file protein.cif (mmCIF, C-alpha atoms, pLDDT in the B column; chains and numbers go by the auth columns)
data_work
#
loop_
_atom_site.group_PDB
_atom_site.id
_atom_site.type_symbol
_atom_site.label_atom_id
_atom_site.label_comp_id
_atom_site.label_asym_id
_atom_site.label_seq_id
_atom_site.Cartn_x
_atom_site.Cartn_y
_atom_site.Cartn_z
_atom_site.B_iso_or_equiv
_atom_site.auth_seq_id
_atom_site.auth_asym_id
ATOM 1 C CA MET A 1 -62.487 129.818 165.795 60.00 73 N
ATOM 2 C CA ILE A 2 -65.141 127.397 164.610 72.00 74 N
ATOM 3 C CA ILE A 3 -62.619 125.486 162.488 75.00 75 N
ATOM 4 C CA LEU A 4 -60.165 125.288 165.372 67.00 76 N
ATOM 5 C CA SER A 5 -62.939 124.108 167.692 72.00 77 N
ATOM 6 C CA THR A 6 -63.862 121.282 165.322 78.00 78 N
ATOM 7 C CA LEU A 7 -60.229 120.203 165.122 77.00 79 N
ATOM 8 C CA LEU A 8 -60.051 119.999 168.900 75.00 80 N
ATOM 9 C CA MET A 9 -62.251 116.883 169.153 78.00 81 N
ATOM 10 C CA PRO A 10 -60.003 114.565 167.062 79.00 82 N
ATOM 11 C CA ALA A 11 -56.972 115.838 168.974 76.00 83 N
ATOM 12 C CA MET A 12 -58.678 115.016 172.268 77.00 84 N
ATOM 13 C CA ILE A 13 -59.540 111.505 171.084 79.00 85 N
ATOM 14 C CA ILE A 14 -55.975 110.831 169.949 78.00 86 N
ATOM 15 C CA ARG A 15 -54.547 112.173 173.211 78.00 87 N
ATOM 16 C CA PHE A 16 -56.932 110.002 175.249 78.00 88 N
ATOM 17 C CA TYR A 17 -55.410 106.797 173.876 79.00 89 N
ATOM 18 C CA GLN A 18 -51.807 107.836 174.435 80.00 90 N
ATOM 19 C CA GLY A 19 -49.970 106.565 177.442 79.00 91 N
ATOM 20 C CA TRP A 20 -48.809 108.563 180.423 80.00 92 N
ATOM 21 C CA PHE A 21 -45.168 108.635 179.323 83.00 93 N
ATOM 22 C CA GLN A 22 -46.010 109.919 175.822 79.00 94 N
ATOM 23 C CA MET A 23 -48.105 112.738 177.236 77.00 95 N
ATOM 24 C CA VAL A 24 -45.346 113.805 179.639 81.00 96 N
ATOM 25 C CA TYR A 25 -42.711 113.416 176.929 83.00 97 N
ATOM 26 C CA ILE A 26 -44.638 115.837 174.693 81.00 98 N
ATOM 27 C CA ASP A 27 -46.251 118.215 177.203 82.00 99 N
ATOM 28 C CA VAL A 28 -43.337 118.960 179.554 85.00 100 N
ATOM 29 C CA PRO A 29 -40.974 120.292 176.841 87.00 101 N
ATOM 30 C CA LEU A 30 -43.803 122.396 175.372 84.00 102 N
ATOM 31 C CA PHE A 31 -44.647 123.789 178.808 85.00 103 N
ATOM 32 C CA LEU A 32 -41.018 124.594 179.596 87.00 104 N
ATOM 33 C CA ALA A 33 -40.420 126.201 176.201 88.00 105 N
ATOM 34 C CA SER A 34 -43.477 128.422 176.472 84.00 106 N
ATOM 35 C CA THR A 35 -42.677 129.385 180.075 84.00 107 N
ATOM 36 C CA PHE A 36 -39.051 130.181 179.234 88.00 108 N
ATOM 37 C CA SER A 37 -39.963 132.284 176.200 87.00 109 N
ATOM 38 C CA ILE A 38 -42.436 134.465 178.115 84.00 110 N
ATOM 39 C CA SER A 39 -40.126 134.780 181.128 86.00 111 N
ATOM 40 C CA SER A 40 -37.151 135.762 178.998 89.00 112 N
ATOM 41 C CA PHE A 41 -39.281 138.348 177.186 88.00 113 N
ATOM 42 C CA TYR A 42 -40.212 140.009 180.482 86.00 114 N
ATOM 43 C CA LEU A 43 -36.694 139.850 181.902 88.00 115 N
ATOM 44 C CA VAL A 44 -34.994 141.238 178.795 91.00 116 N
ATOM 45 C CA SER A 45 -37.464 144.111 178.628 88.00 117 N
ATOM 46 C CA GLN A 46 -36.813 144.959 182.274 88.00 118 N
ATOM 47 C CA LYS A 47 -33.065 144.769 181.723 90.00 119 N
ATOM 48 C CA GLU A 48 -33.360 147.291 178.897 92.00 120 N
ATOM 49 C CA LEU A 49 -35.577 149.633 180.905 90.00 121 N
ATOM 50 C CA PHE A 50 -33.747 149.398 184.232 89.00 122 N
ATOM 51 C CA PRO A 51 -30.142 148.266 183.645 89.00 123 N
ATOM 52 C CA ARG A 52 -29.052 148.677 187.278 89.00 124 N
ATOM 53 C CA THR A 53 -31.969 147.063 189.119 87.00 125 N
ATOM 54 C CA TRP A 54 -33.414 144.569 186.606 84.00 126 N
ATOM 55 C CA TYR A 55 -32.516 141.543 188.778 84.00 127 N
ATOM 56 C CA ARG A 56 -35.220 142.556 191.281 85.00 128 N
ATOM 57 C CA THR A 57 -37.855 141.617 188.714 82.00 129 N
ATOM 58 C CA PHE A 58 -37.195 137.922 189.414 83.00 130 N
ATOM 59 C CA LEU A 59 -39.271 138.376 192.564 87.00 131 N
ATOM 60 C CA PHE A 60 -42.240 139.766 190.636 87.00 132 N
ATOM 61 C CA LEU A 61 -42.094 137.326 187.725 86.00 133 N
ATOM 62 C CA PRO A 62 -44.422 134.631 189.183 86.00 134 N
ATOM 63 C CA ALA A 63 -47.049 137.243 190.078 89.00 135 N
ATOM 64 C CA LEU A 64 -46.737 138.835 186.653 85.00 136 N
ATOM 65 C CA MET A 65 -47.219 135.508 184.894 84.00 137 N
ATOM 66 C CA GLY A 66 -50.207 134.696 187.120 86.00 138 N
ATOM 67 C CA LEU A 67 -51.746 138.051 186.299 88.00 139 N
ATOM 68 C CA GLY A 68 -51.191 137.446 182.594 83.00 140 N
ATOM 69 C CA ILE A 69 -52.883 134.053 182.806 82.00 141 N
ATOM 70 C CA GLY A 70 -55.836 135.584 184.664 84.00 142 N
ATOM 71 C CA LEU A 71 -56.186 138.339 182.081 85.00 143 N
ATOM 72 C CA THR A 72 -56.450 135.856 179.216 82.00 144 N
ATOM 73 C CA ILE A 73 -59.815 134.729 180.566 79.00 145 N
ATOM 74 C CA THR A 74 -61.240 138.241 180.592 81.00 146 N
ATOM 75 C CA ASN A 75 -59.718 139.070 177.207 80.00 147 N
ATOM 76 C CA ALA A 76 -61.145 135.928 175.617 79.00 148 N
ATOM 77 C CA GLU A 77 -64.807 136.431 176.520 73.00 149 N
ATOM 78 C CA PRO A 78 -66.987 138.021 173.855 70.00 150 N
ATOM 79 C CA CYS A 79 -68.361 141.502 174.316 61.00 151 N
#
call {"tool": "encode", "arguments": {"input": "protein.cif", "output": "structure tokens"}}
result
Amino acid sequence: MIILSTLLMPAMIIRFYQGWFQMVYIDVPLFLASTFSISSFYLVSQKELFPRTWYRTFLFLPALMGLGIGLTITNAEPC
């Protein structure tokens, strides 16, 4: 973690001098790819568990992803 933290500062400096279009051009595809991969993981698992009613999980997907994001904060803090 210490090594990754020290590598974060040069990355922040490089990103500061990039333009708006370059940041969007890089960040939006990464955001969409990560969102799609997690969403497809949840949906495929629900389809395997509940083959007849798996389509109802689309309604719960935003809440599930929000809960997962909130849990990362509590899982990341040291004991």
call {"tool": "resolve_selection", "arguments": {"input": "protein.cif", "expression": "the PyMOL selection byres ((chain N and resi 131-144) around 10)", "output": "PyMOL selection string"}}
result
chain N and resi 107+110-111+114-115+127-130+145-149
call {"tool": "write_last_selection", "arguments": {"input": "protein.cif", "atoms": "C-alpha atoms", "output": "PDB file, in the coordinates of the input"}}
result
ATOM      1  CA  THR N 107     -42.677 129.385 180.075  1.00 84.00           C
ATOM      2  CA  ILE N 110     -42.436 134.465 178.115  1.00 84.00           C
ATOM      3  CA  SER N 111     -40.126 134.780 181.128  1.00 86.00           C
ATOM      4  CA  TYR N 114     -40.212 140.009 180.482  1.00 86.00           C
ATOM      5  CA  LEU N 115     -36.694 139.850 181.902  1.00 88.00           C
ATOM      6  CA  TYR N 127     -32.516 141.543 188.778  1.00 84.00           C
ATOM      7  CA  ARG N 128     -35.220 142.556 191.281  1.00 85.00           C
ATOM      8  CA  THR N 129     -37.855 141.617 188.714  1.00 82.00           C
ATOM      9  CA  PHE N 130     -37.195 137.922 189.414  1.00 83.00           C
ATOM     10  CA  ILE N 145     -59.815 134.729 180.566  1.00 79.00           C
ATOM     11  CA  THR N 146     -61.240 138.241 180.592  1.00 81.00           C
ATOM     12  CA  ASN N 147     -59.718 139.070 177.207  1.00 80.00           C
ATOM     13  CA  ALA N 148     -61.145 135.928 175.617  1.00 79.00           C
ATOM     14  CA  GLU N 149     -64.807 136.431 176.520  1.00 73.00           C
TER      15      GLU N 149
END
call {"tool": "atom_distance", "arguments": {"input": "protein.cif", "atom1": "atom CA of N:Val100", "atom2": "atom CA of N:Arg87"}}
result
14.6 Å
call {"tool": "atom_distance", "arguments": {"input": "protein.cif", "atom1": "atom CA of N:Ala105", "atom2": "atom CA of N:Pro82"}}
result
24.5 Å
call {"tool": "atom_distance", "arguments": {"input": "protein.cif", "atom1": "atom CA of N:Ile75", "atom2": "atom CA of N:Phe88"}}
result
20.9 Å
call {"tool": "axis_aligned_box", "arguments": {"input": "protein.cif", "around": "stretch 135-143 of chain N", "padding_each_side": "8 Å", "output": "AutoDock Vina command-line options"}}
result
--center_x -51.5 --center_y 136.4 --center_z 186.1 --size_x 25.4 --size_y 20.8 --size_z 24.0
call {"tool": "build_atoms", "arguments": {"input": "protein.cif", "residues": "stretch 129-140 of chain N", "atoms": "all heavy atoms", "output": "PDB file, in the frame of the given file"}}
result
ATOM      1  N   THR N 129     -36.619 142.069 189.357  1.00 82.00           N
ATOM      2  CA  THR N 129     -37.855 141.617 188.714  1.00 82.00           C
ATOM      3  C   THR N 129     -38.055 140.110 188.810  1.00 82.00           C
ATOM      4  O   THR N 129     -39.149 139.629 188.552  1.00 82.00           O
ATOM      5  CB  THR N 129     -37.892 142.040 187.245  1.00 82.00           C
ATOM      6  OG1 THR N 129     -36.774 141.483 186.565  1.00 82.00           O
ATOM      7  CG2 THR N 129     -37.877 143.545 187.116  1.00 82.00           C
ATOM      8  N   PHE N 130     -37.011 139.357 189.193  1.00 83.00           N
ATOM      9  CA  PHE N 130     -37.195 137.922 189.414  1.00 83.00           C
ATOM     10  C   PHE N 130     -38.232 137.658 190.494  1.00 83.00           C
ATOM     11  O   PHE N 130     -38.956 136.674 190.445  1.00 83.00           O
ATOM     12  CB  PHE N 130     -35.872 137.259 189.811  1.00 83.00           C
ATOM     13  CG  PHE N 130     -34.962 136.970 188.666  1.00 83.00           C
ATOM     14  CD1 PHE N 130     -33.824 137.721 188.478  1.00 83.00           C
ATOM     15  CD2 PHE N 130     -35.248 135.956 187.775  1.00 83.00           C
ATOM     16  CE1 PHE N 130     -32.977 137.457 187.427  1.00 83.00           C
ATOM     17  CE2 PHE N 130     -34.416 135.682 186.722  1.00 83.00           C
ATOM     18  CZ  PHE N 130     -33.271 136.443 186.543  1.00 83.00           C
ATOM     19  N   LEU N 131     -38.305 138.547 191.474  1.00 87.00           N
ATOM     20  CA  LEU N 131     -39.271 138.376 192.564  1.00 87.00           C
ATOM     21  C   LEU N 131     -40.709 138.579 192.092  1.00 87.00           C
ATOM     22  O   LEU N 131     -41.632 137.954 192.614  1.00 87.00           O
ATOM     23  CB  LEU N 131     -38.961 139.362 193.696  1.00 87.00           C
ATOM     24  CG  LEU N 131     -37.589 139.227 194.351  1.00 87.00           C
ATOM     25  CD1 LEU N 131     -37.371 140.356 195.338  1.00 87.00           C
ATOM     26  CD2 LEU N 131     -37.461 137.882 195.023  1.00 87.00           C
ATOM     27  N   PHE N 132     -40.897 139.451 191.117  1.00 87.00           N
ATOM     28  CA  PHE N 132     -42.240 139.766 190.636  1.00 87.00           C
ATOM     29  C   PHE N 132     -42.677 138.899 189.458  1.00 87.00           C
ATOM     30  O   PHE N 132     -43.832 138.961 189.053  1.00 87.00           O
ATOM     31  CB  PHE N 132     -42.311 141.240 190.226  1.00 87.00           C
ATOM     32  CG  PHE N 132     -42.039 142.176 191.347  1.00 87.00           C
ATOM     33  CD1 PHE N 132     -40.903 142.967 191.336  1.00 87.00           C
ATOM     34  CD2 PHE N 132     -42.903 142.279 192.418  1.00 87.00           C
ATOM     35  CE1 PHE N 132     -40.642 143.839 192.371  1.00 87.00           C
ATOM     36  CE2 PHE N 132     -42.647 143.138 193.464  1.00 87.00           C
ATOM     37  CZ  PHE N 132     -41.516 143.920 193.443  1.00 87.00           C
ATOM     38  N   LEU N 133     -41.780 138.105 188.919  1.00 86.00           N
ATOM     39  CA  LEU N 133     -42.094 137.326 187.725  1.00 86.00           C
ATOM     40  C   LEU N 133     -43.229 136.330 187.927  1.00 86.00           C
ATOM     41  O   LEU N 133     -44.125 136.249 187.082  1.00 86.00           O
ATOM     42  CB  LEU N 133     -40.830 136.635 187.214  1.00 86.00           C
ATOM     43  CG  LEU N 133     -40.911 135.998 185.849  1.00 86.00           C
ATOM     44  CD1 LEU N 133     -41.244 137.052 184.792  1.00 86.00           C
ATOM     45  CD2 LEU N 133     -39.618 135.317 185.511  1.00 86.00           C
ATOM     46  N   PRO N 134     -43.284 135.542 189.013  1.00 86.00           N
ATOM     47  CA  PRO N 134     -44.422 134.631 189.183  1.00 86.00           C
ATOM     48  C   PRO N 134     -45.765 135.357 189.277  1.00 86.00           C
ATOM     49  O   PRO N 134     -46.760 134.915 188.694  1.00 86.00           O
ATOM     50  CB  PRO N 134     -44.110 133.889 190.481  1.00 86.00           C
ATOM     51  CG  PRO N 134     -42.650 133.992 190.640  1.00 86.00           C
ATOM     52  CD  PRO N 134     -42.265 135.314 190.046  1.00 86.00           C
ATOM     53  N   ALA N 135     -45.796 136.481 189.978  1.00 89.00           N
ATOM     54  CA  ALA N 135     -47.049 137.243 190.078  1.00 89.00           C
ATOM     55  C   ALA N 135     -47.440 137.824 188.725  1.00 89.00           C
ATOM     56  O   ALA N 135     -48.624 137.838 188.368  1.00 89.00           O
ATOM     57  CB  ALA N 135     -46.904 138.354 191.106  1.00 89.00           C
ATOM     58  N   LEU N 136     -46.461 138.286 187.977  1.00 85.00           N
ATOM     59  CA  LEU N 136     -46.737 138.835 186.653  1.00 85.00           C
ATOM     60  C   LEU N 136     -47.285 137.772 185.708  1.00 85.00           C
ATOM     61  O   LEU N 136     -48.242 138.017 184.973  1.00 85.00           O
ATOM     62  CB  LEU N 136     -45.469 139.450 186.072  1.00 85.00           C
ATOM     63  CG  LEU N 136     -45.578 140.059 184.692  1.00 85.00           C
ATOM     64  CD1 LEU N 136     -46.511 141.265 184.720  1.00 85.00           C
ATOM     65  CD2 LEU N 136     -44.218 140.450 184.175  1.00 85.00           C
ATOM     66  N   MET N 137     -46.722 136.584 185.755  1.00 84.00           N
ATOM     67  CA  MET N 137     -47.219 135.508 184.894  1.00 84.00           C
ATOM     68  C   MET N 137     -48.612 135.059 185.331  1.00 84.00           C
ATOM     69  O   MET N 137     -49.467 134.756 184.493  1.00 84.00           O
ATOM     70  CB  MET N 137     -46.239 134.345 184.881  1.00 84.00           C
ATOM     71  CG  MET N 137     -44.935 134.713 184.198  1.00 84.00           C
ATOM     72  SD  MET N 137     -43.800 133.366 184.051  1.00 84.00           S
ATOM     73  CE  MET N 137     -44.546 132.503 182.680  1.00 84.00           C
ATOM     74  N   GLY N 138     -48.865 135.021 186.641  1.00 86.00           N
ATOM     75  CA  GLY N 138     -50.207 134.696 187.120  1.00 86.00           C
ATOM     76  C   GLY N 138     -51.228 135.728 186.697  1.00 86.00           C
ATOM     77  O   GLY N 138     -52.355 135.390 186.307  1.00 86.00           O
ATOM     78  N   LEU N 139     -50.858 136.977 186.751  1.00 88.00           N
ATOM     79  CA  LEU N 139     -51.746 138.051 186.299  1.00 88.00           C
ATOM     80  C   LEU N 139     -52.020 137.931 184.805  1.00 88.00           C
ATOM     81  O   LEU N 139     -53.157 138.099 184.358  1.00 88.00           O
ATOM     82  CB  LEU N 139     -51.125 139.407 186.613  1.00 88.00           C
ATOM     83  CG  LEU N 139     -51.926 140.629 186.205  1.00 88.00           C
ATOM     84  CD1 LEU N 139     -53.188 140.725 187.045  1.00 88.00           C
ATOM     85  CD2 LEU N 139     -51.084 141.876 186.360  1.00 88.00           C
ATOM     86  N   GLY N 140     -51.000 137.617 184.036  1.00 83.00           N
ATOM     87  CA  GLY N 140     -51.191 137.446 182.594  1.00 83.00           C
ATOM     88  C   GLY N 140     -52.117 136.289 182.270  1.00 83.00           C
ATOM     89  O   GLY N 140     -52.954 136.377 181.373  1.00 83.00           O
TER      90      GLY N 140
END
